[in-house]
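Have a look at my_file-v5.tsv; it's TSV, C-alpha atoms:
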```tsv
chain	number	residue	atom	x	y	z
A	29	MET	CA	-8.32	5.64	-0.99
A	30	LEU	CA	-6.45	8.73	0.14
A	31	ILE	CA	-2.88	8.38	1.43
A	32	THR	CA	-0.89	11.20	2.99
A	33	ILE	CA	2.85	10.61	3.00
A	34	LEU	CA	5.27	12.79	4.90
A	35	ALA	CA	8.63	12.85	3.14
A	36	ASP	CA	10.69	15.82	2.02
A	37	ARG	CA	7.27	17.45	1.88
A	38	PRO	CA	3.72	16.11	2.29
A	39	TYR	CA	2.43	14.05	-0.64
A	40	ILE	CA	-1.16	12.98	-1.17
A	41	LEU	CA	-2.02	9.95	-3.29
A	42	GLU	CA	-5.61	9.35	-4.30
A	43	SER	CA	-6.95	6.19	-5.89
A	44	GLY	CA	-10.29	4.48	-6.18
A	45	HIS	CA	-10.80	2.04	-3.30
A	46	ASP	CA	-11.33	-0.93	-5.60
A	47	THR	CA	-8.39	-0.35	-7.96
A	48	HIS	CA	-5.42	-2.67	-8.21
A	49	PHE	CA	-3.20	0.24	-7.13
A	50	ALA	CA	-5.12	0.69	-3.86
A	51	LYS	CA	-5.33	-3.06	-3.26
A	52	SER	CA	-1.59	-3.47	-3.85
A	53	VAL	CA	-0.75	-0.71	-1.36
A	54	LEU	CA	-3.20	-1.92	1.30
A	55	ALA	CA	-2.12	-5.56	1.02
A	56	ALA	CA	1.54	-4.57	1.36
A	57	ILE	CA	1.03	-2.20	4.30
A	58	ALA	CA	-1.06	-4.82	6.11
A	59	THR	CA	1.98	-7.14	6.12
A	60	LEU	CA	4.43	-4.58	7.53
A	61	THR	CA	5.42	-4.04	11.11
A	62	PRO	CA	5.19	-0.56	12.67
A	63	GLN	CA	9.01	-0.47	12.77
A	64	GLN	CA	9.18	-0.98	8.99
A	65	LEU	CA	7.08	2.15	8.46
A	66	TYR	CA	9.93	4.18	9.96
A	67	SER	CA	12.26	2.88	7.23
A	68	PRO	CA	12.43	4.46	3.76
A	69	ILE	CA	9.48	3.22	1.70
A	70	THR	CA	9.17	3.44	-2.06
A	71	LEU	CA	5.86	3.16	-3.90
A	72	GLN	CA	6.48	2.06	-7.48
A	73	PRO	CA	3.50	2.40	-9.84
A	74	THR	CA	3.58	-0.53	-12.26
A	75	PRO	CA	1.35	-0.91	-15.35
A	76	GLY	CA	-0.54	-4.14	-15.89
A	77	THR	CA	1.02	-6.65	-18.25
A	78	THR	CA	-2.02	-7.08	-20.48
A	79	ASP	CA	-3.80	-3.76	-19.96
A	80	GLU	CA	-1.90	-0.48	-19.70
A	81	ASN	CA	-4.99	1.11	-18.11
A	82	VAL	CA	-4.46	-1.08	-15.05
A	83	LEU	CA	-1.98	0.24	-12.51
A	84	PHE	CA	-0.49	-1.83	-9.71
A	85	CYS	CA	1.83	-0.59	-6.99
A	86	ARG	CA	4.97	-2.30	-5.79
A	87	VAL	CA	5.94	-1.38	-2.24
A	88	TRP	CA	9.59	-1.44	-1.22
A	89	VAL	CA	10.90	-1.12	2.33
A	90	GLU	CA	14.46	0.10	1.93
A	91	SER	CA	15.70	-2.24	-0.85
A	92	GLU	CA	13.32	-5.13	-0.14
A	93	LEU	CA	10.18	-5.71	-2.20
A	94	VAL	CA	7.15	-6.37	0.01
A	95	MET	CA	5.44	-9.49	-1.32
A	96	ALA	CA	1.73	-9.26	-0.62
A	97	SER	CA	-0.68	-11.13	-2.82
A	98	TYR	CA	-4.44	-10.83	-3.04
A	99	ASN	CA	-7.26	-12.33	-5.08
A	100	GLU	CA	-11.03	-12.13	-5.51
A	101	GLN	CA	-11.60	-13.91	-2.19
A	102	SER	CA	-9.45	-11.49	-0.17
A	103	ASP	CA	-11.22	-9.95	2.82
A	104	TRP	CA	-10.64	-6.26	2.09
A	105	ARG	CA	-12.37	-5.12	5.22
A	106	GLU	CA	-9.89	-7.11	7.32
A	107	ILE	CA	-6.88	-6.12	5.19
A	108	SER	CA	-7.85	-2.43	5.44
A	109	LYS	CA	-8.34	-2.77	9.19
A	110	GLN	CA	-4.86	-4.31	9.59
A	111	ALA	CA	-3.24	-1.60	7.46
A	112	LEU	CA	-4.97	1.17	9.44
A	113	GLU	CA	-3.98	-0.36	12.78
A	114	ILE	CA	-0.33	-0.50	11.70
A	115	CYS	CA	-0.41	3.13	10.53
A	116	LYS	CA	-2.18	4.32	13.69
A	117	SER	CA	0.33	2.54	15.90
A	118	ILE	CA	3.19	4.71	14.65
A	119	ARG	CA	1.34	7.97	15.37
A	120	LYS	CA	1.26	7.30	19.12
```
Represent the structure contained in this file as structure tokens.
Amino acid sequence: MLITILADRPYILESGHDTHFAKSVLAAIATLTPQQLYSPITLQPTPGTTDENVLFCRVWVESELVMASYNEQSDWREISKQALEICKSIRK
């Protein structure tokens, strides 16, 4: 997964597509509205509780934590599609 973020300068985040970090970000973005993407967003890398090699990502819109859960049965193709549609909608 490759994310380009425009903030005070462009930032590029790169993560394997099947990592918990990527899944956390995609699941959260898929739940947002296009309007929320215009608000300040914070990505907070968070280590796993039992394995420090695992990295999750908490997504905050302004001061609100975006609660987006996923599991082994999650349809990542659909979640990715939703996240991309939301991001594309703000570029228009």
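Counting only C-alpha atoms and comparing A:Cys85, A:Met29, A:Ala55, A:Ala111, the residue that lies closest to Ser43 of chain A is A:Met29.
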For Tyr98 of chain A, the nearest of the candidates A:Tyr66, A:Val53, A:Thr61, A:Thr77, counting only C-alpha atoms: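 Under the stated criterion, the closest residue is A:Val53.
In this comparison, which uses all atoms listed in the file, the residue of A:Asp46, A:Glu80, A:Glu92, A:Glu100 approaching Leu60 of chain A most closely is A:Glu92.
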Give me the residues within 10 Å of Lys51 of chain A as an MDAnalysis selection string, counting all atoms listed in the file and dropping any in the same chain fewer than 6 places off. chainID A and resid 29 43:45 57 84:85 96:99 102 104 107:108
Have a look at atom CA of Thr74 of chain A and atom CA of Arg105 of chain A and let me know their distance in Å, one decimal. 24.1 Å
Residue contacts of Ala35 of chain A (12 Å, only C-alpha atoms) excluding same-chain residues fewer than 5 positions away, as a list in words: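 In the requested format, the answer is Ile40, Tyr66, Ser67, Pro68, Ile69 and Thr70 of chain A.
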Fewer than 2 positions away in the same chain doesn't count, so skip those; otherwise give me all residues within 9 Å of Ile118 of chain A, counting only C-alpha atoms, as a PyMOL selection string. chain A and resi 62-63+65-66+113-116+120
Around segment 63-71 of chain A, with edges along x, y and z and 4 Å added on all six sides, what centre and edge lengths do you get, in Å to one decimal, as JSON?
```
{"center_x": 9.1, "center_y": 1.7, "center_z": 4.4, "size_x": 14.6, "size_y": 13.4, "size_z": 24.7}
```
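Rounded to one decimal, atom CA of Val82 of chain A and atom CA of Leu34 of chain A lie 26.2 Å from each other.
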Counting all atoms listed in the file, the option among A:Ala50, A:Leu112, A:Ala56, A:Leu30 closest to Leu83 of chain A: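 Comparing A:Ala50, A:Leu112, A:Ala56, A:Leu30 against Leu83 of chain A, the winner is A:Ala50.
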What separation in Å, quoted to one decimal, exists between atom CA of Tyr39 of chain A and atom CA of Glu90 of chain A?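 Distance between the two atoms: 18.6 Å.
The residues that lie within 7 Å of the point (1.5, 4.7, -5.7), counting all atoms listed in the file, are A:Leu41, A:Phe49, A:Leu71, A:Gln72, A:Pro73, A:Cys85.
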